[in-house]
Structures are given as C-alpha cells and as structure tokens.
Amino acid sequence: MPRSSGEAASSKMSEEEDDLAVLIYKSSKTAKARARAAAAAAAKEKKETASSVGGRTSTGKRSSVNPDDGDESIIDRPRKKRAVSKKRQFQNQNDKSQKAEEGNTVRRKRVRKKCSADGWKNPARLGEVCSRQGTKIKICSSEGCSNQARRGGVCIRHGAKVKRCRSDGCTNRIVEGGVCVRHGAKTKLCRSEGCTNIVVKGGVCIRHGAKRKVCSSEGCTNIVVNGGVCIRHGAKVEHKRCSSEGCTNIVINGGVCFRHGAKVKICSSEGCSNQVRRGGVCMRQGAKRKVCSSDGCTNQAKIGGVCIRHGAKVKRCRIEGCTNHIVKGGVCIRHGA
C-alpha cells in the first residue's frame with residue numbers, strides 16, 4: 001500500500017536527524033583524539049627536556065625503563081644537592097678538627113722567659129737577660145742622648161712620633177680608643193668594692209694586696225728602686241738635668257727645667273696661672289683630692305685612705321733622733337737632702 005505524503009516527509013526528517021547525530025559524534029571523537037595527541041606530544045617534550053637537564057646536573061644512575069610498556073617513562077634521579085665549594089669544605093673540616101683537638105687537649109699557657117741572672121725574675125729581653133742585667137737596647141741616635149729609641153732611630157724628645165689624644169688641645173698619649181685616660185679611655189680598676197684605684201697586679205691595687213718588690217735589706221719594707229734595694233740602702237737614681245749650660249735643675253719637660261721654658265699645663269680658670277692638678281684645674285679652683293676617711297676630718301689622705309694625724313705612715317729621716325719627713329736619699333732637708 002503506497003505511503004502518504006505526510007509519512008514520507010516525517011521519515012525523511014528522522015533520517016536527516018540521525019545523520020546529523022552521527023556527524024556530531026564523529027567530530028567530537030576526532031577532537032578528543034587530537035587533544036590526546038597534543039597532550040602526549042607536550043608530555044614527551046617535557047620529559048626530553050627534563051632528561052637533558054638531569055644528565056648535566058646530577059651524577060646519579062638512571063633507572064632502566066622499558067619504552068614498550070604502556071606506562072609513561074619515568075626517570076629516577078636523586079634530589080639536587082647544594083653546590084659546596086672546596087674552600088668551604090676545607091674550612092668545615094678544619095673547624096671540626098680544631099673543636100676535636102680543643103675537646104681532647106688543654107690550651108697551653110704562654111710562658112715568658114725569665115732573666116738568666118741569679119736572683120732576677122724579670123722577663124728576658126735579648127741574650128736571655130733583662131734590661132737591668134745588660135741586654136742591648138737601641139739608643140737615640142742624637143748626639144749626647146741616652147734615651148731609648150722609639151721610632152726612626154730617635155727618642156720622643158728628638159722627634160719620634162707617638163699617637164696623641166684626639167681631643168682638641170690635648171697632648172697626652174693615647175691609652176685606648178684614640179683618647180687618653182682624662183678624655184674617657186677605660187682603665188682597669190681595682191676589683192675591691194668601692195675602690196677606684198688602678199690595677200697594679202692580680203686585679204687589685206697596692207692598697208688591697210698587689211704584690212710589689214721590696215728592698216732586699218733586712219727589716220726594710222721600702223719598694224725596690226734599682227739593684228734590688230731602695231734609695232735608703234744605696235739604690236742610685238740618676239735624674240736628668242736641664243740641658244741649658246750651667247743649669248743643674250731636674251728636667252721637667254722637653255729636656256729643660258721650669259726656669260728655662262719647660263711647658264706645664266696651666267689651670268683653665270680665667271686669670272689663674274697655677275699648675276693643673278686634676279680635671280684641668282688647680283687645687284684652688286676645685287681639683288678633687290682624696291680626703292681623710294676619718295669622720296669630720298678634711299685633711300688630705302696620704303696612705304691607706306687616712307691623713308698623717310689619723311695613722312698614715314710616712315717615712316722619717318734615717319738620722320737617729322730626727323723625726324722630719326724624708327725628702328731625698330733617705331734624709332730630710334736639714335740633714336743634706
């Protein structure tokens with residue numbers, strides 16, 4: 001039985017729809033295949049670049065991979081290590097060895113050679129003897145000068161340069177940090193509580209037990225000056241005399257005495273010509289001085305923090321029956337000082 005025109009038209013439309021669906025399915029399939037191929041190519045290129053970089057930088061062995069397997073090829077290599085220079089490695093090894101040695105051994109104490117002369121314990125200078133026993137020291141090259149050469153073959157008096165305090169107008173020598181003690185250079189103070197004296201030996205001052213050489217004469221407690229004895233028992237002290245002709249005064253500064261132009265620091269107060277004692281001023285203008293520690297006493301402290309009236313021991317003239325203070329050579333002015 002022949003079909004009607006309506007049924008023919010509907011069948012034709014259904015066939016067209018089926019053809020369109022097949023076309024869409026095929027196009028989507030081809031697009032997915034292309035995407036897969038592009039991803040595989042990108043992965044392959046990435047692996048090739050990684051393998052080339054790994055071959056240049058790492059020294060580890062590559063794992064054997066079968067390219068016929070379905071899985072992607074994987075390159076096994078160790079993590080990159082931080083490059084350490086040979087110099088750094090050598091320093092680390094030295095540090096480790098030094099620490100090991102310090103842990104096993106004790107640091108040796110530096111021992112200074114003592115003077116080889118009998119009865120002398122001074123440090124040896126040259127020829128295994130100290131300066132007092134004849135070691136050779138360089139003398140200033142200026143004619144008639146017996147001072148020790150400091151720099152350039154001359155002494156300070158004849159032009160050897162020494163570092164001076166950087167404070168304006170100050171000619172004192174540098175102690176620490178480019179300044180002198182007066183302008184802030186730190187000095188070691190006695191470790192006894194409340195004591196401001198400078199350390200002499202063993203962390204303490206003379207007042208608190210610093211050991212000092214005593215005269216070798218029996219019963220004498222004076223400090224050694226020369227040859228193991230004090231001035232009272234024969235130590236010779238040669239004072240430098242003024243270089244001006246016919247002058248026998250003791251040198252103060254610059255090779256001359258006060259009378260012939262020795263420069264001394266003058267009090268900084270206006271109109272005052274007294275000599276500086278402490279802090280840039282004279283005693284009259286407020287220079288601090290140690291006062292006797294006895295209650296109500298304003299006398300100047302001499303020895304042991306007290307004045308003579310309250311027990312400070314002072315040296316007396318060695319002439320029998322004389323109670324005057326020593327001025328020079330163990331005697332007072334009355335007996336020839």
# chains A, B, ... in the order shown; residues from 1 in each chain; ligands from 1
>>> select_by_dssp(residues="range 96-318 of chain A", states="helix (DSSP H, G or I)", output="list in words")
Lys96, Ser97, Gln98, Lys99, Ala100, Glu101, Glu102, Gly103, Asn104, Ser131, Arg132, Gln133, Ile206, Arg207, His208, Ile308, Arg309 and His310 of chain A
>>> select_by_dssp(residues="range 156-292 of chain A", states="strand (DSSP E or B)", output="list in words")
Arg164, Arg173, Glu176, Val179, Leu189, Ile198, Lys201, Val204, Val214, Ile223, Asn226, Val229, Arg241, Ile250, Asn253, Val256, Ile266, Gln275, Arg278, Val281 and Val291 of chain A
>>> write_last_selection(atoms="N, CA and C atoms", output="mmCIF file, in the first residue's frame")
data_model
loop_
_atom_site.group_PDB
_atom_site.id
_atom_site.type_symbol
_atom_site.label_atom_id
_atom_site.label_comp_id
_atom_site.auth_asym_id
_atom_site.auth_seq_id
_atom_site.Cartn_x
_atom_site.Cartn_y
_atom_site.Cartn_z
ATOM 1 N N ARG A 164 98.841 60.818 69.764
ATOM 2 C CA ARG A 164 98.323 61.703 70.799
ATOM 3 C C ARG A 164 96.802 61.623 70.844
ATOM 4 N N ARG A 173 99.257 61.057 75.574
ATOM 5 C CA ARG A 173 99.354 59.888 74.701
ATOM 6 C C ARG A 173 98.063 59.079 74.739
ATOM 7 N N GLU A 176 93.545 54.196 75.009
ATOM 8 C CA GLU A 176 92.591 53.274 74.390
ATOM 9 C C GLU A 176 91.527 54.066 73.647
ATOM 10 N N VAL A 179 91.877 58.002 72.681
ATOM 11 C CA VAL A 179 91.869 59.073 73.686
ATOM 12 C C VAL A 179 92.725 58.676 74.887
ATOM 13 N N LEU A 189 90.179 48.947 86.903
ATOM 14 C CA LEU A 189 90.157 49.421 88.289
ATOM 15 C C LEU A 189 90.205 48.250 89.243
ATOM 16 N N ILE A 198 93.740 52.274 90.232
ATOM 17 C CA ILE A 198 94.088 51.496 89.032
ATOM 18 C C ILE A 198 94.749 50.187 89.453
ATOM 19 N N LYS A 201 98.536 44.740 89.977
ATOM 20 C CA LYS A 201 98.847 43.339 89.705
ATOM 21 C C LYS A 201 97.771 42.463 90.346
ATOM 22 N N VAL A 204 94.137 43.806 91.593
ATOM 23 C CA VAL A 204 93.961 44.708 92.734
ATOM 24 C C VAL A 204 95.041 45.783 92.729
ATOM 25 N N VAL A 214 110.121 44.325 97.233
ATOM 26 C CA VAL A 214 110.540 45.030 98.445
ATOM 27 C C VAL A 214 112.060 44.981 98.544
ATOM 28 N N ILE A 223 110.014 50.044 98.659
ATOM 29 C CA ILE A 223 109.942 49.492 97.306
ATOM 30 C C ILE A 223 111.319 49.530 96.657
ATOM 31 N N ASN A 226 116.395 50.201 92.409
ATOM 32 C CA ASN A 226 117.443 49.761 91.492
ATOM 33 C C ASN A 226 118.370 48.786 92.215
ATOM 34 N N VAL A 229 117.511 47.078 95.798
ATOM 35 C CA VAL A 229 117.430 47.839 97.053
ATOM 36 C C VAL A 229 116.702 49.155 96.820
ATOM 37 N N ARG A 241 119.244 66.113 84.041
ATOM 38 C CA ARG A 241 119.440 67.521 84.349
ATOM 39 C C ARG A 241 119.091 68.387 83.145
ATOM 40 N N ILE A 250 116.506 69.674 87.751
ATOM 41 C CA ILE A 250 115.976 68.440 87.169
ATOM 42 C C ILE A 250 115.072 68.773 85.986
ATOM 43 N N ASN A 253 110.229 68.934 81.448
ATOM 44 C CA ASN A 253 109.609 68.623 80.159
ATOM 45 C C ASN A 253 110.455 69.200 79.036
ATOM 46 N N VAL A 256 114.276 70.462 79.564
ATOM 47 C CA VAL A 256 114.634 71.655 80.336
ATOM 48 C C VAL A 256 113.815 71.735 81.617
ATOM 49 N N ILE A 266 98.527 74.740 82.528
ATOM 50 C CA ILE A 266 98.054 75.800 83.415
ATOM 51 C C ILE A 266 96.558 75.629 83.647
ATOM 52 N N GLN A 275 99.511 75.655 88.380
ATOM 53 C CA GLN A 275 99.680 74.414 87.628
ATOM 54 C C GLN A 275 98.464 73.504 87.825
ATOM 55 N N ARG A 278 94.275 68.286 88.699
ATOM 56 C CA ARG A 278 93.356 67.254 88.246
ATOM 57 C C ARG A 278 92.133 67.905 87.598
ATOM 58 N N VAL A 281 92.090 71.784 86.266
ATOM 59 C CA VAL A 281 92.124 72.935 87.174
ATOM 60 C C VAL A 281 93.108 72.676 88.312
ATOM 61 N N VAL A 291 90.336 62.847 100.451
ATOM 62 C CA VAL A 291 90.239 63.393 101.808
ATOM 63 C C VAL A 291 90.294 62.243 102.805
#
>>> closest_residue(among="A:Gly169, A:Gly279, A:Gly246, A:Gly227", to="Trp120 in chain A", atoms="only C-alpha atoms")
A:Gly227
>>> closest_residue(among="A:Thr187, A:Asn274, A:Ser167, A:Thr135", to="Gly203 in chain A", atoms="only C-alpha atoms")
A:Thr187
>>> closest_residue(among="A:Gln300, A:Asn172, A:Gly329, A:Ile206", to="Lys236 in chain A", atoms="only C-alpha atoms")
A:Gly329
>>> closest_residue(among="A:Lys302, A:Lys47, A:Lys290, A:His260", to="Thr196 in chain A", atoms="only C-alpha atoms")
A:Lys290
>>> residues_around(residues="Gly261 in chain A", least_positions_apart="6", cutoff="12 Å", atoms="only C-alpha atoms", output="list in words")
Cys242, Ser243, Ser244, Val251, Ile252, Asn253, Gly254 and Gly255 of chain A
>>> residues_around(residues="Ala149 in chain A", least_positions_apart="6", cutoff="10 Å", atoms="only C-alpha atoms", output="PyMOL selection string")
chain A and resi 137-142+155-158+160
>>> write_last_selection(atoms="C-alpha atoms", output="mmCIF file, in the first residue's frame")
data_model
loop_
_atom_site.group_PDB
_atom_site.id
_atom_site.type_symbol
_atom_site.label_atom_id
_atom_site.label_comp_id
_atom_site.auth_asym_id
_atom_site.auth_seq_id
_atom_site.Cartn_x
_atom_site.Cartn_y
_atom_site.Cartn_z
ATOM 1 C CA ILE A 137 118.632 48.298 73.698
ATOM 2 C CA LYS A 138 118.620 50.789 70.860
ATOM 3 C CA ILE A 139 119.747 54.247 71.944
ATOM 4 C CA CYS A 140 118.625 57.512 70.395
ATOM 5 C CA SER A 141 120.894 58.477 67.500
ATOM 6 C CA SER A 142 121.052 62.152 68.573
ATOM 7 C CA CYS A 155 113.545 59.078 71.127
ATOM 8 C CA ILE A 156 110.336 61.024 71.657
ATOM 9 C CA ARG A 157 112.292 64.106 72.699
ATOM 10 C CA HIS A 158 114.126 64.167 69.367
ATOM 11 C CA ALA A 160 109.846 60.094 67.371
#
>>> decode(residues="range 251-266 of chain A", atoms="all heavy atoms", output="compact mmCIF listing (two decimals), in the first residue's frame")
# COMPACT_ATOMS: atom_id res chain seq x y z
N VAL A 251 115.17 67.94 84.97
CA VAL A 251 114.34 68.12 83.78
C VAL A 251 112.86 67.92 84.13
O VAL A 251 112.50 66.99 84.84
CB VAL A 251 114.75 67.12 82.69
CG1 VAL A 251 113.71 67.09 81.57
CG2 VAL A 251 116.11 67.47 82.12
N ILE A 252 112.05 68.81 83.62
CA ILE A 252 110.60 68.71 83.81
C ILE A 252 109.92 68.25 82.53
O ILE A 252 109.17 67.29 82.50
CB ILE A 252 110.01 70.05 84.27
CG1 ILE A 252 110.65 70.49 85.59
CG2 ILE A 252 108.49 69.94 84.42
CD1 ILE A 252 110.42 69.55 86.76
N ASN A 253 110.23 68.93 81.45
CA ASN A 253 109.61 68.62 80.16
C ASN A 253 110.46 69.20 79.04
O ASN A 253 111.02 70.28 79.16
CB ASN A 253 108.20 69.21 80.11
CG ASN A 253 107.35 68.56 79.04
OD1 ASN A 253 107.83 67.76 78.26
ND2 ASN A 253 106.08 68.92 79.01
N GLY A 254 110.56 68.43 77.94
CA GLY A 254 111.31 68.92 76.78
C GLY A 254 112.79 69.08 77.02
O GLY A 254 113.44 69.85 76.30
N GLY A 255 113.33 68.39 78.03
CA GLY A 255 114.77 68.45 78.28
C GLY A 255 115.22 69.66 79.07
O GLY A 255 116.43 69.87 79.25
N VAL A 256 114.28 70.46 79.56
CA VAL A 256 114.63 71.65 80.34
C VAL A 256 113.81 71.73 81.62
O VAL A 256 112.82 71.01 81.78
CB VAL A 256 114.43 72.94 79.49
CG1 VAL A 256 115.44 73.02 78.35
CG2 VAL A 256 113.01 73.00 78.94
N CYS A 257 114.22 72.62 82.50
CA CYS A 257 113.52 72.82 83.77
C CYS A 257 112.48 73.93 83.61
O CYS A 257 112.34 74.52 82.54
CB CYS A 257 114.52 73.18 84.87
SG CYS A 257 115.43 74.71 84.54
N PHE A 258 111.79 74.24 84.71
CA PHE A 258 110.79 75.31 84.67
C PHE A 258 111.43 76.64 84.28
O PHE A 258 110.88 77.42 83.51
CB PHE A 258 110.11 75.45 86.04
CG PHE A 258 109.11 74.38 86.34
CD1 PHE A 258 109.29 73.53 87.41
CD2 PHE A 258 107.98 74.21 85.56
CE1 PHE A 258 108.37 72.54 87.71
CE2 PHE A 258 107.05 73.22 85.84
CZ PHE A 258 107.26 72.38 86.91
N ARG A 259 112.60 76.87 84.85
CA ARG A 259 113.27 78.16 84.66
C ARG A 259 113.62 78.42 83.20
O ARG A 259 113.61 79.57 82.75
CB ARG A 259 114.54 78.18 85.52
CG ARG A 259 115.27 79.50 85.52
CD ARG A 259 116.49 79.39 86.41
NE ARG A 259 117.29 80.59 86.36
CZ ARG A 259 118.47 80.74 86.96
NH1 ARG A 259 118.95 79.72 87.66
NH2 ARG A 259 119.14 81.85 86.87
N HIS A 260 113.90 77.35 82.46
CA HIS A 260 114.34 77.51 81.07
C HIS A 260 113.27 77.10 80.04
O HIS A 260 113.59 76.72 78.92
CB HIS A 260 115.62 76.71 80.85
CG HIS A 260 116.79 77.29 81.57
ND1 HIS A 260 117.25 76.76 82.78
CD2 HIS A 260 117.57 78.37 81.30
CE1 HIS A 260 118.29 77.47 83.18
NE2 HIS A 260 118.52 78.45 82.32
N GLY A 261 112.03 77.14 80.46
CA GLY A 261 110.96 77.03 79.48
C GLY A 261 110.20 75.72 79.41
O GLY A 261 109.53 75.47 78.39
N ALA A 262 110.30 74.86 80.45
CA ALA A 262 109.53 73.61 80.42
C ALA A 262 108.04 73.94 80.42
O ALA A 262 107.57 74.71 81.26
CB ALA A 262 109.89 72.74 81.60
N LYS A 263 107.34 73.36 79.49
CA LYS A 263 105.91 73.63 79.38
C LYS A 263 105.14 72.79 80.38
O LYS A 263 105.34 71.59 80.48
CB LYS A 263 105.41 73.34 77.97
CG LYS A 263 106.00 74.26 76.91
CD LYS A 263 105.47 73.90 75.54
CE LYS A 263 106.06 74.82 74.46
NZ LYS A 263 105.58 74.46 73.12
N VAL A 264 104.26 73.44 81.12
CA VAL A 264 103.38 72.74 82.06
C VAL A 264 101.95 73.21 81.81
O VAL A 264 101.72 74.32 81.31
CB VAL A 264 103.78 73.02 83.53
CG1 VAL A 264 105.11 72.39 83.85
CG2 VAL A 264 103.80 74.50 83.83
N LYS A 265 101.03 72.36 82.13
CA LYS A 265 99.62 72.70 81.94
C LYS A 265 99.18 73.69 83.01
O LYS A 265 99.42 73.48 84.20
CB LYS A 265 98.76 71.44 82.00
CG LYS A 265 99.01 70.50 80.83
CD LYS A 265 98.13 69.27 80.91
CE LYS A 265 98.38 68.34 79.75
NZ LYS A 265 97.56 67.12 79.82
N ILE A 266 98.53 74.74 82.53
CA ILE A 266 98.05 75.80 83.41
C ILE A 266 96.56 75.63 83.65
O ILE A 266 95.82 75.14 82.79
CB ILE A 266 98.36 77.19 82.80
CG1 ILE A 266 99.86 77.31 82.48
CG2 ILE A 266 97.94 78.30 83.75
CD1 ILE A 266 100.77 77.16 83.67
